[in-house]
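The structure file protein-v2.pdb is reproduced below (PDB, C-alpha atoms and all ligand atoms).
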ATOM      1  CA  MET L   1      68.920  83.546 107.331
ATOM      2  CA  SER L   2      71.816  83.791 109.760
ATOM      3  CA  PRO L   3      72.222  81.470 112.695
ATOM      4  CA  THR L   4      71.625  83.069 116.064
ATOM      5  CA  PRO L   5      75.267  83.621 117.157
ATOM      6  CA  GLU L   6      75.927  85.644 114.009
ATOM      7  CA  LYS L   7      72.911  87.798 114.591
ATOM      8  CA  ALA L   8      73.958  88.286 118.176
ATOM      9  CA  ALA L   9      77.461  89.294 117.099
ATOM     10  CA  ARG L  10      76.021  91.775 114.646
ATOM     11  CA  ALA L  11      73.764  93.245 117.258
ATOM     12  CA  ASP L  12      76.730  93.499 119.646
ATOM     13  CA  ALA L  13      78.747  95.221 116.957
ATOM     14  CA  ALA L  14      75.931  97.635 116.295
ATOM     15  CA  ARG L  15      75.750  98.437 119.982
ATOM     16  CA  ALA L  16      79.523  98.863 120.220
ATOM     17  CA  HIS L  17      79.395 101.220 117.277
ATOM     18  CA  ALA L  18      76.476 103.163 118.535
ATOM     19  CA  GLY L  19      78.405 103.919 121.716
ATOM     20  CA  GLY L  20      77.314 106.838 123.844
ATOM     21  CA  ARG L  21      77.014 109.216 120.936
ATOM     22  CA  ALA L  22      74.203 107.538 119.072
ATOM     23  CA  ALA L  23      72.401 106.483 122.223
ATOM     24  CA  ALA L  24      72.393 110.096 123.310
ATOM     25  CA  GLY L  25      71.654 111.215 119.764
ATOM     26  CA  ASP L  26      68.545 112.673 118.231
ATOM     27  CA  PRO L  27      65.650 110.808 119.854
ATOM     28  CA  GLY L  28      63.400 111.844 116.999
ATOM     29  CA  SER L  29      65.512 110.011 114.459
ATOM     30  CA  ALA L  30      64.449 106.445 113.844
ATOM     31  CA  ARG L  31      67.682 105.576 112.030
ATOM     32  CA  ALA L  32      70.817 104.577 113.880
ATOM     33  CA  VAL L  33      73.970 106.473 113.017
ATOM     34  CA  ALA L  34      75.818 104.524 110.317
ATOM     35  CA  ALA L  35      79.364 103.424 111.043
ATOM     36  CA  LEU L  36      80.455 105.120 107.838
ATOM     37  CA  THR L  37      78.671 107.705 105.733
ATOM     38  CA  VAL L  38      80.176 109.047 102.536
ATOM     39  CA  GLU L  39      78.249 111.899 100.956
ATOM     40  CA  ASN L  40      78.733 113.400  97.525
ATOM     41  CA  LEU L  41      82.451 112.765  97.578
ATOM     42  CA  GLU L  42      84.527 114.382  94.891
ATOM     43  CA  VAL L  43      88.216 113.529  94.537
ATOM     44  CA  ILE L  44      90.784 115.048  92.222
ATOM     45  CA  TYR L  45      94.332 113.814  91.590
ATOM     46  CA  ASP L  46      97.117 116.207  90.647
ATOM     47  CA  GLN L  47      94.614 119.069  90.773
ATOM     48  CA  VAL L  48      93.078 118.110  87.416
ATOM     49  CA  ILE L  49      92.082 114.444  87.242
ATOM     50  CA  LEU L  50      88.532 114.113  88.541
ATOM     51  CA  VAL L  51      88.115 110.529  89.740
ATOM     52  CA  LEU L  52      85.219 110.496  92.211
ATOM     53  CA  ARG L  53      82.215 112.465  91.012
ATOM     54  CA  GLY L  54      79.771 112.781  93.848
ATOM     55  CA  LEU L  55      79.997 109.328  95.374
ATOM     56  CA  SER L  56      77.677 108.491  98.261
ATOM     57  CA  LEU L  57      77.510 105.310 100.282
ATOM     58  CA  GLU L  58      76.711 104.095 103.743
ATOM     59  CA  VAL L  59      78.017 101.230 105.843
ATOM     60  CA  PRO L  60      75.676 100.288 108.702
ATOM     61  CA  ALA L  61      77.345  99.218 111.934
ATOM     62  CA  GLY L  62      77.916  95.486 112.184
ATOM     63  CA  GLU L  63      77.556  94.829 108.463
ATOM     64  CA  ILE L  64      79.831  93.891 105.590
ATOM     65  CA  VAL L  65      79.222  96.103 102.577
ATOM     66  CA  ALA L  66      80.703  95.160  99.205
ATOM     67  CA  LEU L  67      81.890  97.806  96.765
ATOM     68  CA  LEU L  68      82.098  96.422  93.252
ATOM     69  CA  GLY L  69      83.168  97.965  89.991
ATOM     70  CA  SER L  70      85.364  97.507  86.977
ATOM     71  CA  ASN L  71      89.037  98.469  86.708
ATOM     72  CA  GLY L  72      89.617 102.159  87.153
ATOM     73  CA  ALA L  73      86.104 102.846  88.487
ATOM     74  CA  GLY L  74      87.604 104.509  91.553
ATOM     75  CA  LYS L  75      87.235 101.800  94.211
ATOM     76  CA  SER L  76      90.734 102.137  95.663
ATOM     77  CA  THR L  77      90.446 105.918  95.505
ATOM     78  CA  THR L  78      87.242 105.684  97.533
ATOM     79  CA  LEU L  79      88.983 103.643 100.239
ATOM     80  CA  LYS L  80      92.003 105.961 100.296
ATOM     81  CA  ALA L  81      89.734 108.978 100.621
ATOM     82  CA  ILE L  82      87.951 107.333 103.549
ATOM     83  CA  ALA L  83      91.269 106.382 105.183
ATOM     84  CA  GLY L  84      92.837 109.812 104.638
ATOM     85  CA  LEU L  85      95.601 108.533 102.373
ATOM     86  CA  LEU L  86      95.020 110.748  99.331
ATOM     87  CA  PRO L  87      97.597 113.424 100.211
ATOM     88  CA  THR L  88     100.449 110.912  99.765
ATOM     89  CA  GLU L  89      99.256 110.378  96.181
ATOM     90  CA  HIS L  90      98.667 114.027  95.292
ATOM     91  CA  GLY L  91      94.965 113.437  95.620
ATOM     92  CA  GLU L  92      92.482 115.713  97.326
ATOM     93  CA  ILE L  93      88.863 115.656  98.489
ATOM     94  CA  THR L  94      87.390 118.711  96.812
ATOM     95  CA  ASP L  95      83.767 118.248  97.823
ATOM     96  CA  GLY L  96      81.549 116.097  99.980
ATOM     97  CA  SER L  97      82.146 114.485 103.347
ATOM     98  CA  VAL L  98      83.180 111.330 105.178
ATOM     99  CA  ARG L  99      81.664 110.600 108.577
ATOM    100  CA  LEU L 100      82.751 107.892 110.989
ATOM    101  CA  ASP L 101      80.123 107.053 113.599
ATOM    102  CA  GLY L 102      78.480 110.353 112.744
ATOM    103  CA  GLN L 103      81.643 112.398 113.221
ATOM    104  CA  ASP L 104      83.043 114.359 110.306
ATOM    105  CA  ILE L 105      86.549 113.064 109.524
ATOM    106  CA  THR L 106      86.843 114.537 106.018
ATOM    107  CA  ARG L 107      89.798 116.761 106.915
ATOM    108  CA  MET L 108      91.386 114.544 109.525
ATOM    109  CA  ASP L 109      94.818 113.007 108.910
ATOM    110  CA  ALA L 110      95.190 109.264 108.467
ATOM    111  CA  ALA L 111      96.645 108.565 111.917
ATOM    112  CA  ALA L 112      93.766 110.342 113.622
ATOM    113  CA  ARG L 113      91.306 108.197 111.665
ATOM    114  CA  VAL L 114      93.120 105.045 112.798
ATOM    115  CA  ARG L 115      92.864 106.221 116.403
ATOM    116  CA  ARG L 116      89.125 106.634 115.830
ATOM    117  CA  GLY L 117      88.778 103.005 114.824
ATOM    118  CA  LEU L 118      89.308 102.852 111.082
ATOM    119  CA  ALA L 119      91.845 100.586 109.361
ATOM    120  CA  LEU L 120      92.656  99.916 105.718
ATOM    121  CA  VAL L 121      94.094  96.730 104.229
ATOM    122  CA  MET L 122      95.570  98.049 101.015
ATOM    123  CA  GLU L 123      95.524  96.459  97.594
ATOM    124  CA  GLY L 124      98.511  94.208  96.907
ATOM    125  CA  ARG L 125      98.960  92.883 100.485
ATOM    126  CA  ARG L 126     101.545  95.385 101.565
ATOM    127  CA  VAL L 127     103.742  94.000 104.292
ATOM    128  CA  PHE L 128     107.226  94.992 105.427
ATOM    129  CA  VAL L 129     109.094  92.319 103.476
ATOM    130  CA  HIS L 130     112.320  92.495 105.503
ATOM    131  CA  LEU L 131     110.598  92.218 108.861
ATOM    132  CA  THR L 132     109.328  89.069 110.526
ATOM    133  CA  VAL L 133     105.628  88.361 110.881
ATOM    134  CA  HIS L 134     105.800  89.394 114.516
ATOM    135  CA  GLU L 135     107.674  92.604 113.736
ATOM    136  CA  ASN L 136     105.065  93.417 111.090
ATOM    137  CA  LEU L 137     102.328  93.068 113.683
ATOM    138  CA  VAL L 138     104.206  95.199 116.204
ATOM    139  CA  ALA L 139     104.646  97.872 113.519
ATOM    140  CA  GLY L 140     100.897  97.691 112.832
ATOM    141  CA  GLY L 141     100.164  98.323 116.477
ATOM    142  CA  TYR L 142     102.241 101.453 116.869
ATOM    143  CA  THR L 143      99.198 103.667 117.265
ATOM    144  CA  ARG L 144      98.276 101.698 120.372
ATOM    145  CA  GLY L 145     101.797 101.732 121.811
ATOM    146  CA  ALA L 146     102.672  99.113 124.380
ATOM    147  CA  ARG L 147      99.096  97.874 124.605
ATOM    148  CA  ALA L 148      99.195  96.346 121.130
ATOM    149  CA  GLY L 149      97.266  93.091 121.358
ATOM    150  CA  TYR L 150      99.134  90.733 119.109
ATOM    151  CA  GLU L 151      98.068  87.708 121.165
ATOM    152  CA  ARG L 152      94.499  88.496 120.169
ATOM    153  CA  VAL L 153      95.550  88.630 116.513
ATOM    154  CA  TYR L 154      97.407  85.308 116.787
ATOM    155  CA  GLU L 155      94.334  83.800 118.368
ATOM    156  CA  PHE L 156      92.116  85.041 115.573
ATOM    157  CA  LEU L 157      94.613  84.089 112.826
ATOM    158  CA  PRO L 158      96.440  81.025 114.182
ATOM    159  CA  VAL L 159      98.308  80.614 110.889
ATOM    160  CA  LEU L 160     100.263  83.750 111.807
ATOM    161  CA  ALA L 161     101.223  82.345 115.198
ATOM    162  CA  GLY L 162     102.963  79.467 113.447
ATOM    163  CA  LEU L 163     104.837  81.916 111.234
ATOM    164  CA  ARG L 164     105.707  84.574 113.781
ATOM    165  CA  SER L 165     109.494  84.488 113.317
ATOM    166  CA  ARG L 166     109.403  84.048 109.540
ATOM    167  CA  VAL L 167     110.483  86.927 107.298
ATOM    168  CA  ALA L 168     107.381  88.337 105.636
ATOM    169  CA  GLY L 169     108.932  88.612 102.172
ATOM    170  CA  TYR L 170     109.218  84.827 101.952
ATOM    171  CA  LEU L 171     105.615  84.079 102.869
ATOM    172  CA  SER L 172     103.149  82.844 100.256
ATOM    173  CA  GLY L 173     100.618  85.284  98.822
ATOM    174  CA  GLY L 174      97.863  83.929 101.036
ATOM    175  CA  GLU L 175     100.021  84.131 104.147
ATOM    176  CA  GLN L 176     100.971  87.697 103.296
ATOM    177  CA  GLN L 177      97.309  88.599 102.915
ATOM    178  CA  MET L 178      96.572  87.126 106.355
ATOM    179  CA  LEU L 179      99.482  89.173 107.716
ATOM    180  CA  ALA L 180      98.175  92.344 106.064
ATOM    181  CA  ILE L 181      94.785  91.712 107.711
ATOM    182  CA  GLY L 182      96.464  90.842 111.024
ATOM    183  CA  ARG L 183      98.445  94.050 110.915
ATOM    184  CA  ALA L 184      95.307  96.097 110.341
ATOM    185  CA  LEU L 185      93.691  94.377 113.329
ATOM    186  CA  MET L 186      96.544  95.535 115.567
ATOM    187  CA  SER L 187      95.047  99.005 115.780
ATOM    188  CA  ASP L 188      91.869  97.397 117.158
ATOM    189  CA  PRO L 189      89.576  98.859 114.492
ATOM    190  CA  ARG L 190      85.792  98.868 114.440
ATOM    191  CA  LEU L 191      85.616  99.571 110.730
ATOM    192  CA  LEU L 192      87.880  97.724 108.337
ATOM    193  CA  LEU L 193      88.367  98.757 104.712
ATOM    194  CA  LEU L 194      89.596  95.902 102.524
ATOM    195  CA  ASP L 195      90.929  96.495  99.019
ATOM    196  CA  GLU L 196      90.741  93.367  96.843
ATOM    197  CA  PRO L 197      91.967  90.938  99.486
ATOM    198  CA  SER L 198      91.494  87.904  97.227
ATOM    199  CA  LEU L 199      93.313  89.324  94.218
ATOM    200  CA  GLY L 200      95.781  86.916  92.647
ATOM    201  CA  LEU L 201      95.283  84.139  95.179
ATOM    202  CA  ALA L 202      94.780  80.464  94.342
ATOM    203  CA  PRO L 203      91.162  79.285  94.782
ATOM    204  CA  ARG L 204      91.817  77.509  98.083
ATOM    205  CA  LEU L 205      93.381  80.661  99.507
ATOM    206  CA  VAL L 206      90.506  82.753  98.192
ATOM    207  CA  ASP L 207      88.229  80.510 100.288
ATOM    208  CA  GLU L 208      90.415  81.104 103.325
ATOM    209  CA  VAL L 209      90.490  84.861 102.893
ATOM    210  CA  PHE L 210      86.703  85.116 102.513
ATOM    211  CA  GLY L 211      86.329  82.824 105.520
ATOM    212  CA  VAL L 212      88.459  85.210 107.554
ATOM    213  CA  ILE L 213      86.451  88.215 106.348
ATOM    214  CA  GLN L 214      83.243  86.552 107.464
ATOM    215  CA  ARG L 215      84.762  85.708 110.859
ATOM    216  CA  LEU L 216      85.967  89.290 111.285
ATOM    217  CA  ASN L 217      82.322  90.226 111.174
ATOM    218  CA  THR L 218      80.719  87.365 113.091
ATOM    219  CA  GLU L 219      83.419  86.702 115.717
ATOM    220  CA  LEU L 220      85.050  90.109 116.198
ATOM    221  CA  GLY L 221      81.949  92.122 115.363
ATOM    222  CA  LEU L 222      83.811  94.301 112.868
ATOM    223  CA  THR L 223      82.052  96.405 110.284
ATOM    224  CA  ALA L 224      83.668  96.185 106.852
ATOM    225  CA  LEU L 225      83.706  97.891 103.485
ATOM    226  CA  LEU L 226      84.977  95.280 101.062
ATOM    227  CA  VAL L 227      86.257  96.183  97.599
ATOM    228  CA  GLU L 228      86.398  93.124  95.375
ATOM    229  CA  GLN L 229      86.525  92.077  91.764
ATOM    230  CA  ASN L 230      85.354  88.665  92.845
ATOM    231  CA  ALA L 231      81.756  89.867  92.953
ATOM    232  CA  ARG L 232      80.206  86.461  93.550
ATOM    233  CA  ARG L 233      82.264  85.754  96.654
ATOM    234  CA  ALA L 234      81.993  89.310  97.923
ATOM    235  CA  LEU L 235      78.199  89.293  97.650
ATOM    236  CA  ALA L 236      78.117  85.921  99.378
ATOM    237  CA  VAL L 237      79.703  87.337 102.562
ATOM    238  CA  ALA L 238      78.253  90.858 102.366
ATOM    239  CA  HIS L 239      74.936  92.124 103.690
ATOM    240  CA  ARG L 240      74.671  94.938 101.186
ATOM    241  CA  GLY L 241      76.507  96.050  98.097
ATOM    242  CA  TYR L 242      77.201  98.978  95.813
ATOM    243  CA  VAL L 243      78.301  98.967  92.208
ATOM    244  CA  MET L 244      80.343 101.925  91.057
ATOM    245  CA  GLU L 245      81.395 103.074  87.675
ATOM    246  CA  ALA L 246      83.418 106.093  86.575
ATOM    247  CA  GLY L 247      83.506 107.577  90.035
ATOM    248  CA  ARG L 248      79.842 107.189  90.939
ATOM    249  CA  ILE L 249      77.524 104.649  92.472
ATOM    250  CA  VAL L 250      75.285 103.209  89.753
ATOM    251  CA  LEU L 251      73.513 100.477  91.687
ATOM    252  CA  GLU L 252      72.970  99.478  95.299
ATOM    253  CA  GLY L 253      70.975  96.970  97.263
ATOM    254  CA  ALA L 254      70.879  93.959  99.529
ATOM    255  CA  ALA L 255      73.677  91.553  98.614
ATOM    256  CA  ALA L 256      71.260  88.800  97.635
ATOM    257  CA  ASP L 257      69.300  91.138  95.375
ATOM    258  CA  LEU L 258      72.450  92.381  93.672
ATOM    259  CA  ALA L 259      73.648  88.826  93.120
ATOM    260  CA  ASP L 260      70.301  88.205  91.457
ATOM    261  CA  ASN L 261      70.297  91.381  89.386
ATOM    262  CA  PRO L 262      70.555  90.535  85.659
ATOM    263  CA  ASP L 263      73.007  93.366  84.961
ATOM    264  CA  VAL L 264      75.251  92.413  87.847
ATOM    265  CA  LYS L 265      75.084  88.829  86.665
ATOM    266  CA  GLU L 266      76.108  89.806  83.200
ATOM    267  CA  PHE L 267      78.829  92.322  83.965
ATOM    268  CA  TYR L 268      80.297  91.166  87.247
ATOM    269  CA  LEU L 269      79.385  87.547  87.672
ATOM    270  CA  GLY L 270      80.021  86.443  84.090
ATOM    271  CA  LEU L 271      76.610  84.759  83.924
ATOM    272  CA  GLY L 272      75.015  86.770  81.142
ATOM    273  CA  ASP L 273      74.088  85.309  77.797
ATOM    274  CA  ALA L 274      75.412  88.251  75.770
ATOM    275  CA  GLY L 275      78.903  87.283  74.728
ATOM    276  CA  ALA L 276      80.508  90.697  74.644
ATOM    277  CA  ARG L 277      81.414  92.430  77.876
ATOM    278  CA  ARG L 278      79.917  95.844  77.908
ATOM    279  CA  ARG L 279      79.898  98.580  80.455
ATOM    280  CA  TYR L 280      76.848  99.394  82.486
ATOM    281  CA  ARG L 281      76.268 102.795  81.089
ATOM    282  CA  ASP L 282      76.300 101.455  77.540
ATOM    283  CA  VAL L 283      73.095  99.606  78.173
ATOM    284  CA  LYS L 284      71.413 101.465  80.928
ATOM    285  CA  HIS L 285      71.340 104.912  82.257
ATOM    286  CA  TYR L 286      71.012 104.941  85.986
ATOM    287  CA  LYS L 287      69.716 108.149  87.432
ATOM    288  CA  ARG L 288      71.896 109.606  90.139
ATOM    289  CA  ARG L 289      70.496 108.817  93.497
ATOM    290  CA  LYS L 290      68.457 111.607  94.918
ATOM    291  CA  ARG L 291      68.970 110.764  98.532
ATOM    292  CA  TRP L 292      71.798 113.194  99.212
ATOM    293  CA  LEU L 293      70.972 115.844  96.650
TER     294      LEU L 293
HETATM  295  N1  LIG O 301      97.717 108.706  92.252
HETATM  296  C1  LIG O 301      97.001 108.875  91.146
HETATM  297  N2  LIG O 301      97.234 109.915  90.316
HETATM  298  C2  LIG O 301      96.483 110.094  89.202
HETATM  299  N3  LIG O 301      95.464 109.286  88.824
HETATM  300  C3  LIG O 301      95.188 108.236  89.615
HETATM  301  C4  LIG O 301      95.927 107.968  90.813
HETATM  302  N4  LIG O 301      95.419 106.857  91.385
HETATM  303  C5  LIG O 301      94.411 106.451  90.588
HETATM  304  N5  LIG O 301      94.270 107.268  89.532
HETATM  305  C6  LIG O 301      93.255 107.152  88.473
HETATM  306  O1  LIG O 301      91.979 107.193  89.076
HETATM  307  C7  LIG O 301      91.096 106.268  88.459
HETATM  308  C8  LIG O 301      90.559 105.321  89.506
HETATM  309  O2  LIG O 301      91.610 104.552  90.040
HETATM  310  P1  LIG O 301      91.402 103.529  91.241
HETATM  311  O3  LIG O 301      92.712 102.922  91.521
HETATM  312  O4  LIG O 301      90.700 104.201  92.335
HETATM  313  O5  LIG O 301      90.411 102.488  90.549
HETATM  314  P2  LIG O 301      89.982 101.019  91.011
HETATM  315  O6  LIG O 301      88.513 100.957  90.868
HETATM  316  O7  LIG O 301      90.568 100.705  92.324
HETATM  317  O8  LIG O 301      90.628 100.115  89.874
HETATM  318  P3  LIG O 301      91.260  98.634  89.961
HETATM  319  O9  LIG O 301      90.100  97.701  89.889
HETATM  320  O10 LIG O 301      92.093  98.564  88.754
HETATM  321  O11 LIG O 301      92.033  98.532  91.231
HETATM  322  C9  LIG O 301      91.897 105.569  87.375
HETATM  323  O12 LIG O 301      91.608 106.204  86.164
HETATM  324  C10 LIG O 301      93.330 105.821  87.780
HETATM  325  O13 LIG O 301      94.149 105.882  86.649
HETATM  326 MG    MG O 302      91.928  99.336  93.005
END

As structure tokens, how would this structure be written, given the file I've shared?
Ligand SMILES: Nc1ncnc2c1ncn2[C@@H]1O[C@H](COP(=O)(O)OP(=O)(O)OP(=O)(O)O)[C@@H](O)[C@H]1O
Ligand SMILES: [Mg+2]
Amino acid sequence: MSPTPEKAARADAARAHAGGRAAAGDPGSARAVAALTVENLEVIYDQVILVLRGLSLEVPAGEIVALLGSNGAGKSTTLKAIAGLLPTEHGEITDGSVRLDGQDITRMDAAARVRRGLALVMEGRRVFVHLTVHENLVAGGYTRGARAGYERVYEFLPVLAGLRSRVAGYLSGGEQQMLAIGRALMSDPRLLLLDEPSLGLAPRLVDEVFGVIQRLNTELGLTALLVEQNARRALAVAHRGYVMEAGRIVLEGAAADLADNPDVKEFYLGLGDAGARRRYRDVKHYKRRKRWL
């Protein structure tokens, strides 16, 4: 399937992720420790609005995992819960756990998660509009202090090098998205969470953004959890995927299998022959996965 260099990069990434901890881990366990494990996560906003209802997912080291779902399913909430950003939105994890490389980070603050190798590119390509491209990158690297490796980011995203003294607010949507990704890379993450990076971009720029996502994985060896409404493109770059609805996972599998799944085709890829768009649960009742229960 993949050419050799990609496989090698993935294997390298898996090794980098495994680190000492997994290598020294339970010798009886055949499974490697996943980069990210979310178990039975429950999230409530404003103490009453239940948004995630026992969501479980896993992101193996060195892979891109797509998280698909319709508007309001809870995709962004899932990423914010993983990144530790719920408190700023009056949200709270009320049950379940988030583990990064096997370590429980459920109660850790956002900055501590960044120091442990996690970075989030938020929905809506948030950049500091009054700062230059370079200043945005420097701001993104604050957790690493003086060691911030912006040259590495410019090398990976040469388009940013050409724009380094431009004010971010005047960049095009695609350029701002590259900057948002570049800024996340400044903390030198191993696991990148991406929230709808292609949203609202012209088709050519969508190509560029997905190209960058693939290179993040193959060239930098990053593991990624990719939230996208563009299911076709997301499944084309991902190894595995999950479909969520109303705060739960309703379907999961290898990316190629999901892309081939008739329900996914109908509801997310627009390839079905039924004219009306219906929700998953209207046609099928998926049993909750038993794995974590
Ligand atoms: N800060 C908040 N306070 C209260 N409710 C919220 C908050 N943020 C999100 N919600 C609600 O939680 C649910 C899930 O929202 P979320 O943004 O996670 O969905 P999403 O899958 O990312 O949707 P979209 O595809 O539109 O981005 C929605 O019903 C939303 O209204
Ligand atoms: Mg969202």

The PyMOL selection byres (((not hetatm)) within 8 of (chain O and resi 301)) - which residues does that actually catch in the file I just gave you? List them as a compact mmCIF listing (two decimals) with C-alpha atoms, in the frame of the given file.
# COMPACT_ATOMS: atom_id res chain seq x y z
CA TYR L 45 94.33 113.81 91.59
CA ASP L 46 97.12 116.21 90.65
CA ILE L 49 92.08 114.44 87.24
CA LEU L 50 88.53 114.11 88.54
CA VAL L 51 88.12 110.53 89.74
CA LEU L 52 85.22 110.50 92.21
CA GLY L 69 83.17 97.96 89.99
CA SER L 70 85.36 97.51 86.98
CA ASN L 71 89.04 98.47 86.71
CA GLY L 72 89.62 102.16 87.15
CA ALA L 73 86.10 102.85 88.49
CA GLY L 74 87.60 104.51 91.55
CA LYS L 75 87.24 101.80 94.21
CA SER L 76 90.73 102.14 95.66
CA THR L 77 90.45 105.92 95.50
CA THR L 78 87.24 105.68 97.53
CA LEU L 86 95.02 110.75 99.33
CA GLU L 89 99.26 110.38 96.18
CA HIS L 90 98.67 114.03 95.29
CA GLY L 91 94.96 113.44 95.62
CA GLU L 123 95.52 96.46 97.59
CA ASP L 195 90.93 96.50 99.02
CA GLU L 196 90.74 93.37 96.84
CA GLN L 229 86.52 92.08 91.76
CA ALA L 246 83.42 106.09 86.58
CA GLY L 247 83.51 107.58 90.04

Shell around Gly182 in chain L at 8 Å using all atoms listed in the file, local window under 5 positions removed, as a PyMOL selection string: chain L and resi 137+153+157

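Of the residues listed (L:Gly124, L:Gly141, L:Gly117, L:Gly54), L:Gly124 shows the shortest atom-to-atom separation from ligand MG 302 (chain O); distances use all atoms listed in the file.
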
Hits of the PyMOL selection byres (((chain L and resi 31-39) around 6) and not hetatm) in this structure, as a ChimeraX atom specification: /L:29-30,40-41,56-61,96-102

All residues 8 Å or closer to Ala236 in chain L, only C-alpha atoms, same chain fewer than 4 positions away omitted, as a list of chain:residue names: L:Arg232, L:Ala255, L:Ala256

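Here CA of Ala161 in chain L is placed at a distance of 11.1 Å from CA of Met178 in chain L.
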